[in-house]
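Chemist: So I've got this file, model-v3.txt, and it contains compact mmCIF, N, CA and C atoms:
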# COMPACT_ATOMS: atom_id res chain seq x y z
N MET A 1 -20.50 9.31 -4.03
CA MET A 1 -19.48 8.28 -4.19
C MET A 1 -18.08 8.90 -4.12
N ASN A 2 -17.89 10.06 -4.77
CA ASN A 2 -16.58 10.70 -4.76
C ASN A 2 -16.19 11.14 -3.35
N ILE A 3 -17.16 11.57 -2.56
CA ILE A 3 -16.88 11.99 -1.19
C ILE A 3 -16.44 10.78 -0.36
N TYR A 4 -17.06 9.65 -0.60
CA TYR A 4 -16.69 8.42 0.11
C TYR A 4 -15.25 8.03 -0.22
N ILE A 5 -14.88 8.07 -1.49
CA ILE A 5 -13.52 7.72 -1.91
C ILE A 5 -12.52 8.71 -1.32
N LEU A 6 -12.86 9.98 -1.31
CA LEU A 6 -12.00 11.00 -0.72
C LEU A 6 -11.83 10.76 0.78
N ALA A 7 -12.90 10.37 1.47
CA ALA A 7 -12.82 10.07 2.91
C ALA A 7 -11.94 8.85 3.16
N LEU A 8 -12.05 7.82 2.32
CA LEU A 8 -11.18 6.65 2.46
C LEU A 8 -9.72 7.03 2.26
N PHE A 9 -9.46 7.85 1.25
CA PHE A 9 -8.09 8.30 0.99
C PHE A 9 -7.56 9.11 2.17
N ALA A 10 -8.37 10.00 2.73
CA ALA A 10 -7.95 10.81 3.87
C ALA A 10 -7.64 9.92 5.07
N GLY A 11 -8.45 8.90 5.29
CA GLY A 11 -8.19 7.97 6.39
C GLY A 11 -6.90 7.20 6.19
N LEU A 12 -6.64 6.78 4.96
CA LEU A 12 -5.40 6.08 4.64
C LEU A 12 -4.20 6.98 4.89
N VAL A 13 -4.30 8.20 4.42
CA VAL A 13 -3.20 9.16 4.61
C VAL A 13 -2.93 9.36 6.09
N GLU A 14 -3.98 9.55 6.87
CA GLU A 14 -3.80 9.76 8.31
C GLU A 14 -3.12 8.56 8.95
N ASP A 15 -3.52 7.35 8.56
CA ASP A 15 -2.92 6.15 9.13
C ASP A 15 -1.44 6.01 8.76
N VAL A 16 -1.12 6.27 7.52
CA VAL A 16 0.26 6.13 7.06
C VAL A 16 1.16 7.18 7.70
N VAL A 17 0.67 8.40 7.81
CA VAL A 17 1.50 9.48 8.33
C VAL A 17 1.60 9.42 9.85
N ASN A 18 0.53 9.06 10.55
CA ASN A 18 0.50 9.18 12.00
C ASN A 18 0.51 7.88 12.79
N ALA A 19 0.13 6.77 12.19
CA ALA A 19 -0.05 5.53 12.95
C ALA A 19 1.28 4.96 13.43
N ASP A 20 1.38 4.73 14.73
CA ASP A 20 2.60 4.18 15.31
C ASP A 20 2.87 2.77 14.82
N SER A 21 1.82 1.97 14.62
CA SER A 21 2.02 0.58 14.19
C SER A 21 2.62 0.53 12.79
N ILE A 22 2.20 1.42 11.92
CA ILE A 22 2.75 1.44 10.56
C ILE A 22 4.20 1.90 10.59
N VAL A 23 4.49 2.92 11.37
CA VAL A 23 5.87 3.42 11.48
C VAL A 23 6.77 2.35 12.09
N THR A 24 6.28 1.66 13.11
CA THR A 24 7.06 0.60 13.75
C THR A 24 7.35 -0.52 12.76
N THR A 25 6.36 -0.92 11.99
CA THR A 25 6.55 -1.96 10.98
C THR A 25 7.55 -1.50 9.92
N ASP A 26 7.45 -0.26 9.51
CA ASP A 26 8.35 0.31 8.52
C ASP A 26 9.80 0.21 9.00
N PHE A 27 10.05 0.61 10.23
CA PHE A 27 11.41 0.54 10.78
C PHE A 27 11.88 -0.90 10.95
N PHE A 28 10.98 -1.78 11.37
CA PHE A 28 11.32 -3.20 11.55
C PHE A 28 11.77 -3.81 10.22
N VAL A 29 10.99 -3.60 9.18
CA VAL A 29 11.33 -4.15 7.86
C VAL A 29 12.63 -3.55 7.35
N SER A 30 12.80 -2.26 7.54
CA SER A 30 14.02 -1.58 7.09
C SER A 30 15.26 -2.16 7.76
N GLN A 31 15.19 -2.39 9.05
CA GLN A 31 16.34 -2.95 9.76
C GLN A 31 16.67 -4.36 9.30
N HIS A 32 15.65 -5.15 9.03
CA HIS A 32 15.89 -6.52 8.59
C HIS A 32 16.35 -6.60 7.14
N MET A 33 15.95 -5.66 6.33
CA MET A 33 16.45 -5.61 4.95
C MET A 33 17.94 -5.28 4.94
N SER A 34 18.39 -4.46 5.87
CA SER A 34 19.81 -4.14 5.96
C SER A 34 20.63 -5.40 6.24
N VAL A 35 20.10 -6.28 7.05
CA VAL A 35 20.78 -7.54 7.36
C VAL A 35 20.85 -8.42 6.12
N LEU A 36 19.80 -8.41 5.32
CA LEU A 36 19.76 -9.25 4.11
C LEU A 36 20.76 -8.80 3.05
N GLY A 37 21.30 -7.60 3.19
CA GLY A 37 22.26 -7.09 2.22
C GLY A 37 23.48 -7.98 2.09
N GLU A 38 23.79 -8.74 3.13
CA GLU A 38 24.95 -9.62 3.11
C GLU A 38 24.73 -10.85 2.23
N PHE A 39 23.50 -11.18 1.91
CA PHE A 39 23.20 -12.41 1.19
C PHE A 39 23.03 -12.22 -0.31
N GLY A 40 23.11 -11.02 -0.82
CA GLY A 40 23.01 -10.78 -2.25
C GLY A 40 21.59 -10.69 -2.79
N ILE A 41 20.59 -10.97 -1.98
CA ILE A 41 19.21 -10.90 -2.45
C ILE A 41 18.78 -9.45 -2.71
N ILE A 42 19.45 -8.53 -2.06
CA ILE A 42 19.11 -7.12 -2.20
C ILE A 42 19.32 -6.66 -3.64
N ASP A 43 20.31 -7.23 -4.33
CA ASP A 43 20.54 -6.86 -5.74
C ASP A 43 19.31 -7.11 -6.59
N PHE A 44 18.59 -8.18 -6.31
CA PHE A 44 17.35 -8.48 -7.04
C PHE A 44 16.32 -7.39 -6.80
N PHE A 45 16.15 -6.98 -5.54
CA PHE A 45 15.18 -5.95 -5.21
C PHE A 45 15.58 -4.59 -5.78
N ILE A 46 16.87 -4.33 -5.84
CA ILE A 46 17.34 -3.08 -6.46
C ILE A 46 17.01 -3.08 -7.95
N LEU A 47 17.16 -4.22 -8.59
CA LEU A 47 16.79 -4.33 -10.01
C LEU A 47 15.30 -4.08 -10.20
N ILE A 48 14.48 -4.65 -9.34
CA ILE A 48 13.03 -4.45 -9.43
C ILE A 48 12.67 -2.98 -9.24
N THR A 49 13.23 -2.35 -8.21
CA THR A 49 12.89 -0.96 -7.95
C THR A 49 13.43 -0.03 -9.02
N SER A 50 14.54 -0.41 -9.64
CA SER A 50 15.10 0.41 -10.72
C SER A 50 14.21 0.41 -11.95
N SER A 51 13.38 -0.62 -12.10
CA SER A 51 12.47 -0.66 -13.24
C SER A 51 11.42 0.44 -13.16
N GLY A 52 11.24 1.03 -11.99
CA GLY A 52 10.30 2.14 -11.83
C GLY A 52 10.98 3.50 -11.81
N SER A 53 12.24 3.55 -12.20
CA SER A 53 12.98 4.81 -12.18
C SER A 53 12.51 5.75 -13.29
N THR A 54 12.88 6.99 -13.17
CA THR A 54 12.47 8.00 -14.15
C THR A 54 12.96 7.67 -15.56
N PRO A 55 14.24 7.30 -15.77
CA PRO A 55 14.66 6.97 -17.14
C PRO A 55 13.89 5.81 -17.76
N VAL A 56 13.64 4.77 -16.97
CA VAL A 56 12.89 3.61 -17.50
C VAL A 56 11.46 4.01 -17.82
N THR A 57 10.86 4.79 -16.93
CA THR A 57 9.49 5.26 -17.16
C THR A 57 9.40 6.10 -18.43
N CYS A 58 10.35 7.01 -18.61
CA CYS A 58 10.36 7.85 -19.82
C CYS A 58 10.55 7.00 -21.08
N LEU A 59 11.40 5.98 -21.00
CA LEU A 59 11.60 5.09 -22.14
C LEU A 59 10.31 4.34 -22.48
N ILE A 60 9.60 3.86 -21.47
CA ILE A 60 8.33 3.16 -21.70
C ILE A 60 7.32 4.09 -22.35
N ILE A 61 7.25 5.32 -21.86
CA ILE A 61 6.31 6.30 -22.45
C ILE A 61 6.68 6.58 -23.90
N LEU A 62 7.97 6.77 -24.17
CA LEU A 62 8.41 7.04 -25.54
C LEU A 62 8.11 5.87 -26.47
N LEU A 63 8.42 4.66 -26.04
CA LEU A 63 8.17 3.49 -26.89
C LEU A 63 6.67 3.28 -27.11
N THR A 64 5.88 3.53 -26.08
CA THR A 64 4.42 3.41 -26.23
C THR A 64 3.89 4.46 -27.19
N ALA A 65 4.41 5.68 -27.10
CA ALA A 65 3.98 6.74 -28.01
C ALA A 65 4.32 6.40 -29.45
N ILE A 66 5.51 5.87 -29.67
CA ILE A 66 5.92 5.47 -31.03
C ILE A 66 5.00 4.36 -31.54
N LEU A 67 4.74 3.37 -30.70
CA LEU A 67 3.86 2.27 -31.10
C LEU A 67 2.46 2.77 -31.43
N CYS A 68 1.94 3.70 -30.62
CA CYS A 68 0.60 4.24 -30.87
C CYS A 68 0.53 5.00 -32.20
N VAL A 69 1.59 5.72 -32.52
CA VAL A 69 1.63 6.44 -33.80
C VAL A 69 1.70 5.44 -34.96
N LEU A 70 2.50 4.39 -34.79
CA LEU A 70 2.64 3.38 -35.85
C LEU A 70 1.33 2.65 -36.13
N VAL A 71 0.53 2.40 -35.10
CA VAL A 71 -0.74 1.70 -35.30
C VAL A 71 -1.89 2.67 -35.52
N ARG A 72 -1.55 3.92 -35.74
CA ARG A 72 -2.50 4.98 -36.08
C ARG A 72 -3.55 5.23 -34.99
N GLN A 73 -3.09 5.25 -33.76
CA GLN A 73 -3.95 5.61 -32.63
C GLN A 73 -3.23 6.62 -31.73
N PRO A 74 -2.88 7.77 -32.30
CA PRO A 74 -2.08 8.74 -31.53
C PRO A 74 -2.84 9.37 -30.36
N TYR A 75 -4.17 9.30 -30.37
CA TYR A 75 -4.95 9.88 -29.28
C TYR A 75 -4.70 9.16 -27.96
N ILE A 76 -4.25 7.92 -28.01
CA ILE A 76 -3.94 7.17 -26.79
C ILE A 76 -2.76 7.82 -26.05
N VAL A 77 -1.85 8.44 -26.82
CA VAL A 77 -0.69 9.10 -26.22
C VAL A 77 -1.14 10.23 -25.30
N ILE A 78 -2.21 10.92 -25.67
CA ILE A 78 -2.71 12.02 -24.84
C ILE A 78 -3.12 11.49 -23.46
N GLY A 79 -3.86 10.41 -23.43
CA GLY A 79 -4.27 9.81 -22.16
C GLY A 79 -3.07 9.33 -21.35
N LEU A 80 -2.09 8.75 -22.04
CA LEU A 80 -0.88 8.28 -21.37
C LEU A 80 -0.13 9.45 -20.74
N LEU A 81 0.01 10.54 -21.48
CA LEU A 81 0.71 11.71 -20.95
C LEU A 81 -0.05 12.36 -19.80
N VAL A 82 -1.36 12.46 -19.93
CA VAL A 82 -2.16 13.05 -18.85
C VAL A 82 -2.04 12.20 -17.58
N SER A 83 -2.13 10.89 -17.72
CA SER A 83 -2.06 10.04 -16.53
C SER A 83 -0.68 10.05 -15.89
N THR A 84 0.38 9.97 -16.69
CA THR A 84 1.72 9.91 -16.11
C THR A 84 2.17 11.27 -15.56
N ILE A 85 1.94 12.33 -16.30
CA ILE A 85 2.33 13.66 -15.81
C ILE A 85 1.46 14.05 -14.61
N GLY A 86 0.18 13.76 -14.70
CA GLY A 86 -0.72 14.07 -13.59
C GLY A 86 -0.38 13.30 -12.33
N SER A 87 -0.09 12.01 -12.46
CA SER A 87 0.25 11.22 -11.28
C SER A 87 1.59 11.63 -10.69
N THR A 88 2.53 12.00 -11.55
CA THR A 88 3.83 12.47 -11.06
C THR A 88 3.68 13.78 -10.29
N ALA A 89 2.89 14.69 -10.82
CA ALA A 89 2.66 15.96 -10.12
C ALA A 89 1.91 15.74 -8.80
N PHE A 90 0.89 14.88 -8.83
CA PHE A 90 0.13 14.58 -7.62
C PHE A 90 1.04 13.96 -6.55
N THR A 91 1.89 13.03 -6.95
CA THR A 91 2.80 12.37 -6.01
C THR A 91 3.77 13.38 -5.40
N PHE A 92 4.36 14.21 -6.24
CA PHE A 92 5.31 15.21 -5.74
C PHE A 92 4.64 16.16 -4.75
N LEU A 93 3.48 16.69 -5.12
CA LEU A 93 2.78 17.62 -4.24
C LEU A 93 2.34 16.94 -2.94
N SER A 94 1.92 15.67 -3.03
CA SER A 94 1.53 14.93 -1.84
C SER A 94 2.73 14.69 -0.92
N LYS A 95 3.87 14.36 -1.51
CA LYS A 95 5.08 14.18 -0.70
C LYS A 95 5.43 15.47 0.04
N MET A 96 5.29 16.59 -0.62
CA MET A 96 5.59 17.87 0.02
C MET A 96 4.56 18.20 1.11
N ALA A 97 3.33 17.79 0.91
CA ALA A 97 2.29 18.08 1.90
C ALA A 97 2.41 17.19 3.14
N PHE A 98 2.69 15.88 2.95
CA PHE A 98 2.70 14.95 4.07
C PHE A 98 4.06 14.86 4.76
N GLN A 99 5.13 15.01 4.01
CA GLN A 99 6.50 15.03 4.53
C GLN A 99 6.80 13.86 5.46
N ARG A 100 6.47 12.67 5.02
CA ARG A 100 6.78 11.47 5.83
C ARG A 100 8.22 11.07 5.56
N ALA A 101 9.02 11.10 6.60
CA ALA A 101 10.45 10.80 6.47
C ALA A 101 10.68 9.33 6.14
N ARG A 102 11.79 9.08 5.49
CA ARG A 102 12.18 7.70 5.19
C ARG A 102 12.85 7.11 6.42
N PRO A 103 12.89 5.77 6.51
CA PRO A 103 13.60 5.13 7.63
C PRO A 103 15.08 5.51 7.62
N ILE A 104 15.70 5.43 8.78
CA ILE A 104 17.10 5.83 8.91
C ILE A 104 18.03 4.83 8.23
N ASP A 105 17.83 3.54 8.47
CA ASP A 105 18.69 2.50 7.91
C ASP A 105 18.15 2.05 6.56
N ILE A 106 18.41 2.82 5.52
CA ILE A 106 17.89 2.47 4.20
C ILE A 106 19.01 1.95 3.32
N LEU A 107 18.63 1.14 2.35
CA LEU A 107 19.62 0.56 1.44
C LEU A 107 19.93 1.48 0.27
N LEU A 108 18.93 2.17 -0.21
CA LEU A 108 19.11 3.12 -1.31
C LEU A 108 18.79 4.51 -0.81
N MET A 109 19.71 5.42 -0.99
CA MET A 109 19.49 6.78 -0.52
C MET A 109 18.57 7.52 -1.48
N GLU A 110 17.49 8.04 -0.94
CA GLU A 110 16.56 8.87 -1.69
C GLU A 110 16.52 10.23 -1.00
N HIS A 111 16.30 11.26 -1.77
CA HIS A 111 16.35 12.61 -1.21
C HIS A 111 14.98 13.27 -1.13
N ILE A 112 13.95 12.46 -1.18
CA ILE A 112 12.60 13.00 -1.10
C ILE A 112 11.81 12.14 -0.12
N TYR A 113 10.70 12.63 0.32
CA TYR A 113 9.89 11.93 1.33
C TYR A 113 9.37 10.60 0.80
N SER A 114 8.90 9.76 1.74
CA SER A 114 8.55 8.38 1.38
C SER A 114 7.10 8.16 0.99
N PHE A 115 6.20 9.06 1.37
CA PHE A 115 4.77 8.82 1.11
C PHE A 115 4.18 9.97 0.33
N PRO A 116 3.40 9.66 -0.69
CA PRO A 116 3.05 8.36 -1.26
C PRO A 116 4.16 7.82 -2.15
N SER A 117 4.08 6.56 -2.44
CA SER A 117 5.10 5.89 -3.24
C SER A 117 5.04 6.34 -4.69
N GLY A 118 6.14 6.91 -5.14
CA GLY A 118 6.22 7.31 -6.55
C GLY A 118 6.22 6.11 -7.48
N HIS A 119 6.90 5.03 -7.06
CA HIS A 119 6.94 3.82 -7.88
C HIS A 119 5.54 3.22 -8.06
N ALA A 120 4.80 3.15 -6.99
CA ALA A 120 3.45 2.57 -7.08
C ALA A 120 2.54 3.45 -7.92
N THR A 121 2.64 4.76 -7.74
CA THR A 121 1.77 5.68 -8.47
C THR A 121 2.05 5.65 -9.96
N ILE A 122 3.32 5.70 -10.35
CA ILE A 122 3.63 5.70 -11.79
C ILE A 122 3.33 4.34 -12.41
N SER A 123 3.45 3.27 -11.64
CA SER A 123 3.09 1.94 -12.16
C SER A 123 1.60 1.88 -12.51
N ILE A 124 0.78 2.41 -11.62
CA ILE A 124 -0.66 2.44 -11.89
C ILE A 124 -0.96 3.34 -13.09
N ALA A 125 -0.28 4.46 -13.18
CA ALA A 125 -0.51 5.39 -14.30
C ALA A 125 -0.11 4.74 -15.63
N LEU A 126 0.99 4.02 -15.64
CA LEU A 126 1.44 3.39 -16.89
C LEU A 126 0.60 2.18 -17.24
N LEU A 127 0.35 1.33 -16.26
CA LEU A 127 -0.37 0.08 -16.55
C LEU A 127 -1.87 0.29 -16.67
N GLY A 128 -2.37 1.34 -16.00
CA GLY A 128 -3.79 1.60 -16.03
C GLY A 128 -4.21 2.13 -17.37
Kindly present the structure from the file in structure tokens form.
Modeler:
Amino acid sequence: MNIYILALFAGLVEDVVNADSIVTTDFFVSQHMSVLGEFGIIDFFILITSSGSTPVTCLIILLTAILCVLVRQPYIVIGLLVSTIGSTAFTFLSKMAFQRARPIDILLMEHIYSFPSGHATISIALLG
């Protein structure tokens, strides 16, 4: 079963990094989002993406740790730390390995590669 999941992940990675259709779609969406910047809707999306930022994530972890201590279940904090630190390390190492560049016309400047998504990974680690 683990080999099957690993093979699915490898196929996904290959498609995201190499597939022309995915890259074309990525650039298409990026260009159209730039146009939407004139309508003010982008501020909403910036607010949403900011909720996955490092300071917000650290605050959520801290508040969860405090709550777990208050309800006398501090062992939950260990799982939370393992999942969040582990997923952050995995994401960083994966970004360095795949080196998928971000689109040229982006709304928010990021200084690291685009795949895998750090926001998606930390969301799963926190909510999972």
Chemist: Can you list, as a list in words, every protein, DNA or RNA residue that comes within 8 Å of Leu126 in chain A when you count only N, CA and C atoms, leaving out same-chain residues fewer than 2 positions away?
Modeler: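 Those residues are Ile61, Leu80, Ser83, Thr84, Ala120, Thr121, Ile122, Ser123, Ile124 and Gly128 of chain A.
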Chemist: Quick one: distance from atom N of Ala101 in chain A to atom C of Phe115 in chain A in Å, one decimal?
Modeler: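 About the pair atom N of Ala101 in chain A and atom C of Phe115 in chain A: they are 8.0 Å apart.
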Chemist: My list of candidates is A:Leu81, A:Phe28, A:Asp43, A:Gln73. Which is closest to Ile60 in chain A when distances are computed with only C-alpha atoms?
Modeler: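 The answer is A:Leu81, which sits nearest to Ile60 in chain A.
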Chemist: Range 95-97 of chain A: which residues within 8 Å, counting only N, CA and C atoms, same-chain residues fewer than 4 positions away excluded, as a PDB file with N, CA and C atoms, keeping the file's coordinate frame?
Modeler:
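Final output, out-v5.pdb:
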ATOM      1  N   ALA A  89       2.890  14.690 -10.820  1.00  0.00           N
ATOM      2  CA  ALA A  89       2.660  15.960 -10.120  1.00  0.00           C
ATOM      3  C   ALA A  89       1.910  15.740  -8.800  1.00  0.00           C
ATOM      4  N   PHE A  90       0.890  14.880  -8.830  1.00  0.00           N
ATOM      5  CA  PHE A  90       0.130  14.580  -7.620  1.00  0.00           C
ATOM      6  C   PHE A  90       1.040  13.960  -6.550  1.00  0.00           C
ATOM      7  N   THR A  91       1.890  13.030  -6.950  1.00  0.00           N
ATOM      8  CA  THR A  91       2.800  12.370  -6.010  1.00  0.00           C
ATOM      9  C   THR A  91       3.770  13.380  -5.400  1.00  0.00           C
ATOM     10  N   ILE A 112      13.950  12.460  -1.180  1.00  0.00           N
ATOM     11  CA  ILE A 112      12.600  13.000  -1.100  1.00  0.00           C
ATOM     12  C   ILE A 112      11.810  12.140  -0.120  1.00  0.00           C
ATOM     13  N   TYR A 113      10.700  12.630   0.320  1.00  0.00           N
ATOM     14  CA  TYR A 113       9.890  11.930   1.330  1.00  0.00           C
ATOM     15  C   TYR A 113       9.370  10.600   0.800  1.00  0.00           C
ATOM     16  N   SER A 114       8.900   9.760   1.740  1.00  0.00           N
ATOM     17  CA  SER A 114       8.550   8.380   1.380  1.00  0.00           C
ATOM     18  C   SER A 114       7.100   8.160   0.990  1.00  0.00           C
ATOM     19  N   PHE A 115       6.200   9.060   1.370  1.00  0.00           N
ATOM     20  CA  PHE A 115       4.770   8.820   1.110  1.00  0.00           C
ATOM     21  C   PHE A 115       4.180   9.970   0.330  1.00  0.00           C
ATOM     22  N   PRO A 116       3.400   9.660  -0.690  1.00  0.00           N
ATOM     23  CA  PRO A 116       3.050   8.360  -1.260  1.00  0.00           C
ATOM     24  C   PRO A 116       4.160   7.820  -2.150  1.00  0.00           C
ATOM     25  N   SER A 117       4.080   6.560  -2.440  1.00  0.00           N
ATOM     26  CA  SER A 117       5.100   5.890  -3.240  1.00  0.00           C
ATOM     27  C   SER A 117       5.040   6.340  -4.690  1.00  0.00           C
TER      28      SER A 117
END
Chemist: Rounded to one decimal in Å, what is the spacing between CA of Asn2 in chain A and CA of Leu93 in chain A?
Modeler: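 Atom-to-atom, CA of Asn2 in chain A and CA of Leu93 in chain A are spaced 20.6 Å apart.
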Chemist: For a quick check of understanding, using only C-alpha atoms, which of A:Gly118, A:Thr24, A:Val71, A:Ala125 has the smallest distance to Ile85 in chain A?
Modeler: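 Nearest candidate to Ile85 in chain A out of A:Gly118, A:Thr24, A:Val71, A:Ala125: A:Ala125.
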Chemist: Determine the nearest neighbour of Thr49 in chain A from the options A:Gly11, A:Phe92, A:His119, A:Val69, counting only C-alpha atoms.
Modeler: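 Among the listed residues, the smallest separation from Thr49 in chain A belongs to A:His119.
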Chemist: Going by DSSP on the backbone, which residues of chain A come out as alpha helix (DSSP H)? List them as a ChimeraX atom specification.
Modeler: /A:2-18,20-36,41-50,54-70,75-98,118-127
Chemist: When you draw a straight line from atom C of Met33 in chain A to atom C of Val13 in chain A, how long is it in Å?
Modeler: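 That distance, rounded to one decimal, is 25.5 Å.
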